[in-house]
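Source file run_23.tsv; content: TSV, C-alpha atoms.
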```
chain	number	residue	atom	x	y	z
A	30	MET	CA	101.36	119.40	218.42
A	31	ARG	CA	98.51	119.98	216.01
A	32	ILE	CA	99.36	120.35	212.32
A	33	ALA	CA	96.71	123.09	212.20
A	34	GLU	CA	98.97	125.14	214.47
A	35	MET	CA	102.15	124.62	212.41
A	36	ASN	CA	103.53	125.96	209.14
A	37	TRP	CA	105.39	123.99	206.50
A	38	MET	CA	108.83	125.04	207.72
A	39	GLN	CA	108.06	123.82	211.22
A	40	VAL	CA	106.82	120.49	209.82
A	41	GLU	CA	110.00	120.10	207.78
A	42	ALA	CA	112.14	120.68	210.86
A	43	GLN	CA	110.00	118.38	212.98
A	44	ALA	CA	110.23	115.46	210.52
A	45	LYS	CA	114.03	115.78	210.60
A	46	ARG	CA	113.99	115.59	214.41
A	47	ASP	CA	111.45	112.77	214.68
A	48	ASP	CA	109.87	110.87	211.78
A	49	ARG	CA	106.64	109.95	213.63
A	50	CYS	CA	103.24	111.50	212.87
A	51	ILE	CA	99.64	110.67	213.74
A	52	LEU	CA	96.44	110.66	211.69
A	53	PRO	CA	93.11	110.15	213.51
A	54	LEU	CA	90.47	108.21	211.57
A	55	GLY	CA	86.80	108.78	212.30
A	56	CYS	CA	83.37	108.39	210.77
A	57	VAL	CA	80.10	110.29	210.50
A	58	GLU	CA	77.37	107.84	211.41
A	59	GLN	CA	74.42	107.39	213.73
A	60	HIS	CA	75.26	107.14	217.41
A	61	ALA	CA	71.74	107.08	218.85
A	62	TYR	CA	71.42	110.19	221.04
A	63	LEU	CA	75.10	111.15	220.72
A	64	SER	CA	76.78	113.26	218.05
A	65	LEU	CA	76.87	111.87	214.51
A	66	ALA	CA	80.59	112.77	214.59
A	67	THR	CA	81.30	110.74	217.75
A	68	ASP	CA	83.95	108.54	216.12
A	69	ALA	CA	85.75	111.55	214.63
A	70	ILE	CA	85.55	113.54	217.87
A	71	LEU	CA	86.94	110.71	219.98
A	72	ALA	CA	89.70	109.68	217.55
A	73	GLU	CA	90.98	113.24	217.21
A	74	LYS	CA	90.85	114.00	220.92
A	75	VAL	CA	92.52	110.78	222.04
A	76	ALA	CA	95.24	111.26	219.41
A	77	ASN	CA	95.94	114.83	220.50
A	78	ASP	CA	95.83	114.00	224.22
A	79	ALA	CA	98.17	111.05	223.69
A	80	ALA	CA	100.65	112.86	221.44
A	81	GLU	CA	100.86	116.13	223.39
A	82	PRO	CA	103.55	115.16	225.94
A	83	LEU	CA	105.50	113.39	223.20
A	84	GLY	CA	105.67	116.57	221.10
A	85	LEU	CA	104.55	114.76	217.96
A	86	PRO	CA	102.37	116.20	215.17
A	87	VAL	CA	98.74	115.16	214.79
A	88	PHE	CA	97.08	115.78	211.44
A	89	PRO	CA	93.41	116.85	211.32
A	90	VAL	CA	91.04	113.93	211.64
A	91	LEU	CA	89.88	112.12	208.52
A	92	ALA	CA	86.27	112.50	209.57
A	93	TYR	CA	84.52	110.26	207.03
A	94	GLY	CA	84.81	106.49	206.96
A	95	MET	CA	83.22	103.28	205.74
A	96	THR	CA	79.83	102.62	207.35
A	97	PRO	CA	77.39	101.11	204.84
A	98	SER	CA	75.43	99.32	207.58
A	99	PHE	CA	74.03	102.61	208.89
A	100	ALA	CA	73.18	104.10	205.50
A	101	ALA	CA	69.44	104.18	206.33
A	102	TYR	CA	70.00	106.61	209.21
A	103	PRO	CA	69.86	110.31	208.17
A	104	GLY	CA	73.17	112.09	208.63
A	105	THR	CA	75.26	108.96	208.12
A	106	VAL	CA	77.82	109.35	205.33
A	107	SER	CA	79.61	106.23	204.08
A	108	VAL	CA	82.66	106.33	201.82
A	109	ARG	CA	83.16	103.48	199.34
A	110	MET	CA	86.10	101.22	200.12
A	111	SER	CA	87.78	102.03	196.81
A	112	THR	CA	87.49	105.76	197.57
A	113	TYR	CA	88.74	105.34	201.12
A	114	VAL	CA	91.75	103.24	200.16
A	115	ALA	CA	92.70	105.73	197.43
A	116	LEU	CA	92.44	108.61	199.91
A	117	ILE	CA	94.57	106.80	202.50
A	118	GLU	CA	97.20	106.09	199.84
A	119	ASP	CA	97.35	109.77	198.88
A	120	MET	CA	97.64	110.77	202.53
A	121	LEU	CA	100.39	108.25	203.28
A	122	GLU	CA	102.30	109.49	200.26
A	123	GLY	CA	101.91	113.06	201.53
A	124	PHE	CA	103.29	112.10	204.95
A	125	TYR	CA	106.15	110.26	203.26
A	126	ARG	CA	107.08	113.23	201.06
A	127	SER	CA	107.06	115.39	204.19
A	128	GLY	CA	109.74	113.18	205.73
A	129	PHE	CA	107.60	111.05	208.04
A	130	ARG	CA	108.41	107.35	208.12
A	131	ARG	CA	106.55	106.10	211.21
A	132	ILE	CA	102.83	106.75	210.92
A	133	VAL	CA	100.12	105.93	213.45
A	134	LEU	CA	96.50	105.77	212.34
A	135	VAL	CA	94.46	106.29	215.51
A	136	ASN	CA	91.16	104.75	214.52
A	137	GLY	CA	87.80	105.51	216.10
A	138	HIS	CA	85.59	103.38	213.84
A	139	GLY	CA	85.71	99.62	213.39
A	140	GLY	CA	84.46	99.82	209.82
A	141	ASN	CA	87.74	101.45	208.80
A	142	ASN	CA	89.82	98.41	209.79
A	143	PRO	CA	90.08	96.86	206.28
A	144	VAL	CA	92.35	99.74	205.28
A	145	MET	CA	95.23	98.09	207.16
A	146	THR	CA	95.44	95.48	204.40
A	147	PHE	CA	96.24	98.28	201.99
A	148	CYS	CA	98.73	99.83	204.42
A	149	THR	CA	100.61	96.52	204.47
A	150	GLU	CA	100.76	96.62	200.66
A	151	TRP	CA	102.00	100.22	200.82
A	152	MET	CA	104.79	99.26	203.22
A	153	GLY	CA	105.89	96.69	200.63
A	154	LYS	CA	106.51	99.62	198.27
A	155	ARG	CA	107.83	102.09	200.86
A	156	THR	CA	110.09	99.63	202.64
A	157	ASP	CA	111.62	102.23	204.97
A	158	ALA	CA	108.19	103.22	206.31
A	159	SER	CA	106.06	101.70	209.07
A	160	VAL	CA	102.31	102.12	209.67
A	161	LYS	CA	100.32	101.16	212.76
A	162	LEU	CA	96.53	101.07	212.97
A	163	HIS	CA	95.39	101.50	216.57
A	164	ASP	CA	91.71	100.99	217.42
A	165	TRP	CA	91.89	103.14	220.53
A	166	TRP	CA	88.47	102.00	221.83
A	167	ASN	CA	89.37	98.33	221.36
A	168	GLY	CA	92.77	98.32	223.02
A	169	PRO	CA	93.18	95.52	225.60
A	170	ARG	CA	93.70	97.89	228.55
A	171	PHE	CA	90.75	100.07	227.62
A	172	GLN	CA	88.44	97.12	226.99
A	173	ALA	CA	89.42	95.48	230.28
A	174	ALA	CA	88.63	98.72	232.09
A	175	VAL	CA	85.27	99.02	230.30
A	176	LYS	CA	84.29	95.46	231.21
A	177	ALA	CA	85.27	96.08	234.83
A	178	VAL	CA	82.76	98.95	234.92
A	179	ASP	CA	79.96	97.29	232.94
A	180	PRO	CA	80.36	94.46	230.40
A	181	ALA	CA	77.17	95.55	228.60
A	182	ALA	CA	78.93	98.14	226.45
A	183	SER	CA	78.62	98.67	222.72
A	184	HIS	CA	78.22	101.05	219.83
A	185	ALA	CA	76.36	104.24	220.84
A	186	SER	CA	75.98	103.04	224.42
A	187	TRP	CA	77.51	104.52	227.58
A	188	MET	CA	81.05	103.59	226.55
A	189	GLU	CA	81.00	106.31	223.86
A	190	ASN	CA	79.11	108.81	226.00
A	191	PHE	CA	81.75	111.34	227.06
A	192	PRO	CA	81.14	115.02	227.84
A	193	TRP	CA	82.51	115.87	224.38
A	194	THR	CA	80.19	113.53	222.43
A	195	ARG	CA	76.91	114.58	224.09
A	196	LEU	CA	74.53	117.07	222.52
A	197	GLU	CA	73.22	120.06	224.41
A	198	GLY	CA	69.56	119.68	225.34
A	199	VAL	CA	69.38	115.98	224.40
A	200	ALA	CA	68.40	113.74	227.33
A	201	MET	CA	69.60	110.14	227.54
A	202	PRO	CA	67.08	107.36	228.22
A	203	ASP	CA	67.32	105.98	231.75
A	204	ALA	CA	67.21	102.40	230.54
A	205	VAL	CA	69.26	99.39	229.53
A	206	LYS	CA	69.00	98.40	225.87
A	207	GLU	CA	68.55	94.66	225.38
A	208	PRO	CA	70.86	92.76	222.96
A	209	PHE	CA	69.64	92.30	219.41
A	210	ASP	CA	69.66	89.26	217.10
A	211	ARG	CA	73.18	89.65	215.70
A	212	PRO	CA	73.02	86.92	212.98
A	213	LEU	CA	69.79	88.45	211.66
A	214	TYR	CA	71.34	91.91	211.78
A	215	LEU	CA	74.44	90.87	209.82
A	216	ALA	CA	72.29	89.28	207.11
A	217	SER	CA	70.02	92.33	206.72
A	218	SER	CA	69.90	95.35	204.44
A	219	PRO	CA	70.62	98.82	205.86
A	220	ALA	CA	66.88	99.53	206.13
A	221	LYS	CA	66.28	96.27	208.00
A	222	LYS	CA	69.29	96.97	210.22
A	223	ARG	CA	67.69	100.28	211.24
A	224	GLU	CA	64.46	98.46	212.02
A	225	ILE	CA	66.33	95.96	214.21
A	226	LEU	CA	68.38	98.57	216.09
A	227	GLY	CA	65.76	101.26	216.48
A	228	ASP	CA	67.49	104.25	218.08
A	229	GLY	CA	70.93	102.87	217.16
A	230	ASN	CA	72.38	101.81	220.53
A	231	PHE	CA	73.50	98.19	220.17
A	232	TRP	CA	72.96	97.28	223.81
A	233	GLY	CA	73.58	98.41	227.36
A	234	ARG	CA	73.01	101.60	229.33
A	235	TYR	CA	73.06	104.96	227.60
A	236	GLN	CA	75.11	106.87	230.17
A	237	ARG	CA	77.31	106.41	233.23
A	238	SER	CA	78.89	108.90	235.62
A	239	ASP	CA	81.46	111.40	234.42
A	240	ASN	CA	83.92	110.15	237.04
A	241	GLU	CA	83.81	106.68	235.51
A	242	MET	CA	84.08	108.02	231.96
A	243	LEU	CA	87.01	110.33	232.67
A	244	SER	CA	88.91	107.51	234.35
A	245	LEU	CA	88.32	105.31	231.32
A	246	TRP	CA	89.40	108.12	229.01
A	247	GLN	CA	92.74	108.43	230.77
A	248	ILE	CA	93.37	104.72	230.24
A	249	GLY	CA	92.56	105.08	226.55
A	250	VAL	CA	94.93	108.03	226.25
A	251	GLU	CA	97.77	106.22	228.01
A	252	GLU	CA	97.32	103.10	225.91
A	253	THR	CA	97.31	105.15	222.71
A	254	ARG	CA	100.44	107.00	223.83
A	255	ALA	CA	102.25	103.72	224.35
A	256	VAL	CA	101.36	102.62	220.81
A	257	ILE	CA	102.76	105.88	219.43
A	258	ALA	CA	105.93	105.74	221.51
A	259	GLU	CA	106.85	102.06	221.56
A	260	GLY	CA	107.12	98.90	219.50
A	261	TRP	CA	108.50	100.23	216.22
A	262	PRO	CA	110.46	97.91	213.91
```

Using structure tokens, write down the structure that the file contains.
Amino acid sequence: MRIAEMNWMQVEAQAKRDDRCILPLGCVEQHAYLSLATDAILAEKVANDAAEPLGLPVFPVLAYGMTPSFAAYPGTVSVRMSTYVALIEDMLEGFYRSGFRRIVLVNGHGGNNPVMTFCTEWMGKRTDASVKLHDWWNGPRFQAAVKAVDPAASHASWMENFPWTRLEGVAMPDAVKEPFDRPLYLASSPAKKREILGDGNFWGRYQRSDNEMLSLWQIGVEETRAVIAEGWP
């Protein structure tokens, strides 16, 4: 149930029937040979696929996130933490005014995680509301399935290479990226980080078979659906 396919009267009726809603969180940042919008594409799709049989509304993805580490890569757009927190607050207040009390943030980008600290503060003010932040790509079931296929999986590697994140006419290297010096990377400026990473893949292969990827996707969808459906206070 996409909000883009609803009007305000339908949303009002839906919130009275069920006070759950979903907001996908993404980012626009380098993903080596994959789309710059990979995190936004995956967060929105997994949220919609997970919510569809539940009949719950999914708001359009918040496509921009916090990614200062990749600022030296053209096309990367990083939102300041103060801006991002203010935007999340305004969005939560909008959901609350609409009648939603149980809100799931389906997150596709690890750099957005600090926002949950603010969400906890917000729940202290809106004591009848509950917010979950679900890193769909880092769920225990999904990560176990990834490691069973190939433990060398990382940012911009095969584990994010789905049919819907590839770019037409862009060939993937037939290679395995070697791990980088992580302590040096963490201590470096964005320009130095680009120098260390090169094309942007952290490590591992660039692509695996579609059969493997579609099986993994289904696990991610099911795990996300369980977060939306279960475990509410």

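In this comparison, which uses only C-alpha atoms, the residue of A:Phe171, A:Trp261, A:Phe191, A:Tyr235 approaching A:Gly249 most closely is A:Phe171.
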
Set the distance at 8 Å and use all atoms listed in the file: which residues neighbour A:Ala61 once local chain neighbours fewer than 6 positions away are removed? I'd like the list as an MDAnalysis selection string. chainID A and resid 185 228:230

Would you export the selected residues with C-alpha atoms as a PDB file, in the frame of the given file, please?
```
ATOM      1  CA  ALA A 185      76.360 104.240 220.840  1.00  0.00           C
ATOM      2  CA  ASP A 228      67.490 104.250 218.080  1.00  0.00           C
ATOM      3  CA  GLY A 229      70.930 102.870 217.160  1.00  0.00           C
ATOM      4  CA  ASN A 230      72.380 101.810 220.530  1.00  0.00           C
TER       5      ASN A 230
END
```

At a cut-off of 8 Å, using only C-alpha atoms, what residues contact stretch 44-53 of chain A? Leave out same-chain residues fewer than 6 positions from it and give the result as a PyMOL selection string. chain A and resi 69+72-73+76+85-91+124+127-137

Near A:Lys221, within 10 Å and counting all atoms listed in the file, which residues show up once chain neighbours fewer than 6 positions away are dropped, as a ChimeraX atom specification? /A:98,101,213-215,227

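Using only C-alpha atoms, the protein and nucleic acid residues lying no more than 10 Å from stretch 148-158 of chain A, apart from those fewer than 2 places from it along its own chain, are Asp48, Val114, Ile117, Glu118, Leu121, Glu122, Tyr125, Phe129, Arg130, Arg131, Ile132, Pro143, Val144, Met145, Thr146, Val160, Lys161, Leu162 and Pro262 of chain A.
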
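With atom CA of A:Glu34 on one side and atom CA of A:Val250 on the other, the separation reads 21.2 Å.
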
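Here atom CA of A:Val57 and atom CA of A:Val106 stand 5.7 Å from one another.
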
Might you pull out every residue within 10 Å of stretch 209-212 of chain A, with only C-alpha atoms counted and same-chain residues fewer than 4 positions away left off, and present them as a tab-separated table (two decimals) with C-alpha atoms, in the frame of the given file?
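Everything below was put into part-v4.tsv:
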```tsv
chain	number	residue	atom	x	y	z
A	216	ALA	CA	72.29	89.28	207.11
A	217	SER	CA	70.02	92.33	206.72
A	222	LYS	CA	69.29	96.97	210.22
A	225	ILE	CA	66.33	95.96	214.21
A	226	LEU	CA	68.38	98.57	216.09
A	230	ASN	CA	72.38	101.81	220.53
A	231	PHE	CA	73.50	98.19	220.17
A	232	TRP	CA	72.96	97.28	223.81
```

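The space between atom CA of A:Ala182 and atom CA of A:Asn77 spans 24.6 Å.
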
Hey, can you pull every residue with an atom no more than 10 Å from (72.1, 99.8, 226.8), using all atoms listed in the file, and send it as an MDAnalysis selection string? chainID A and resid 181:188 202:208 230:236

Atoms to include: C-alpha atoms. Write the selected residues as an mmCIF file, keeping the file's coordinate frame.
```cif
data_model
loop_
_atom_site.group_PDB
_atom_site.id
_atom_site.type_symbol
_atom_site.label_atom_id
_atom_site.label_comp_id
_atom_site.auth_asym_id
_atom_site.auth_seq_id
_atom_site.Cartn_x
_atom_site.Cartn_y
_atom_site.Cartn_z
ATOM 1 C CA ALA A 181 77.170 95.550 228.600
ATOM 2 C CA ALA A 182 78.930 98.140 226.450
ATOM 3 C CA SER A 183 78.620 98.670 222.720
ATOM 4 C CA HIS A 184 78.220 101.050 219.830
ATOM 5 C CA ALA A 185 76.360 104.240 220.840
ATOM 6 C CA SER A 186 75.980 103.040 224.420
ATOM 7 C CA TRP A 187 77.510 104.520 227.580
ATOM 8 C CA MET A 188 81.050 103.590 226.550
ATOM 9 C CA PRO A 202 67.080 107.360 228.220
ATOM 10 C CA ASP A 203 67.320 105.980 231.750
ATOM 11 C CA ALA A 204 67.210 102.400 230.540
ATOM 12 C CA VAL A 205 69.260 99.390 229.530
ATOM 13 C CA LYS A 206 69.000 98.400 225.870
ATOM 14 C CA GLU A 207 68.550 94.660 225.380
ATOM 15 C CA PRO A 208 70.860 92.760 222.960
ATOM 16 C CA ASN A 230 72.380 101.810 220.530
ATOM 17 C CA PHE A 231 73.500 98.190 220.170
ATOM 18 C CA TRP A 232 72.960 97.280 223.810
ATOM 19 C CA GLY A 233 73.580 98.410 227.360
ATOM 20 C CA ARG A 234 73.010 101.600 229.330
ATOM 21 C CA TYR A 235 73.060 104.960 227.600
ATOM 22 C CA GLN A 236 75.110 106.870 230.170
#
```

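When only C-alpha atoms are used to compute distances to A:Leu65, the closest of the residues A:Pro219, A:Pro180, A:Pro97, A:Gly104 turns out to be A:Gly104.
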
For each of A:Cys56, A:Val75, A:Val199, A:Ala42, take the minimum atom-to-atom distance to A:Thr105, counting only C-alpha atoms, then give the residue where this is smallest. A:Cys56
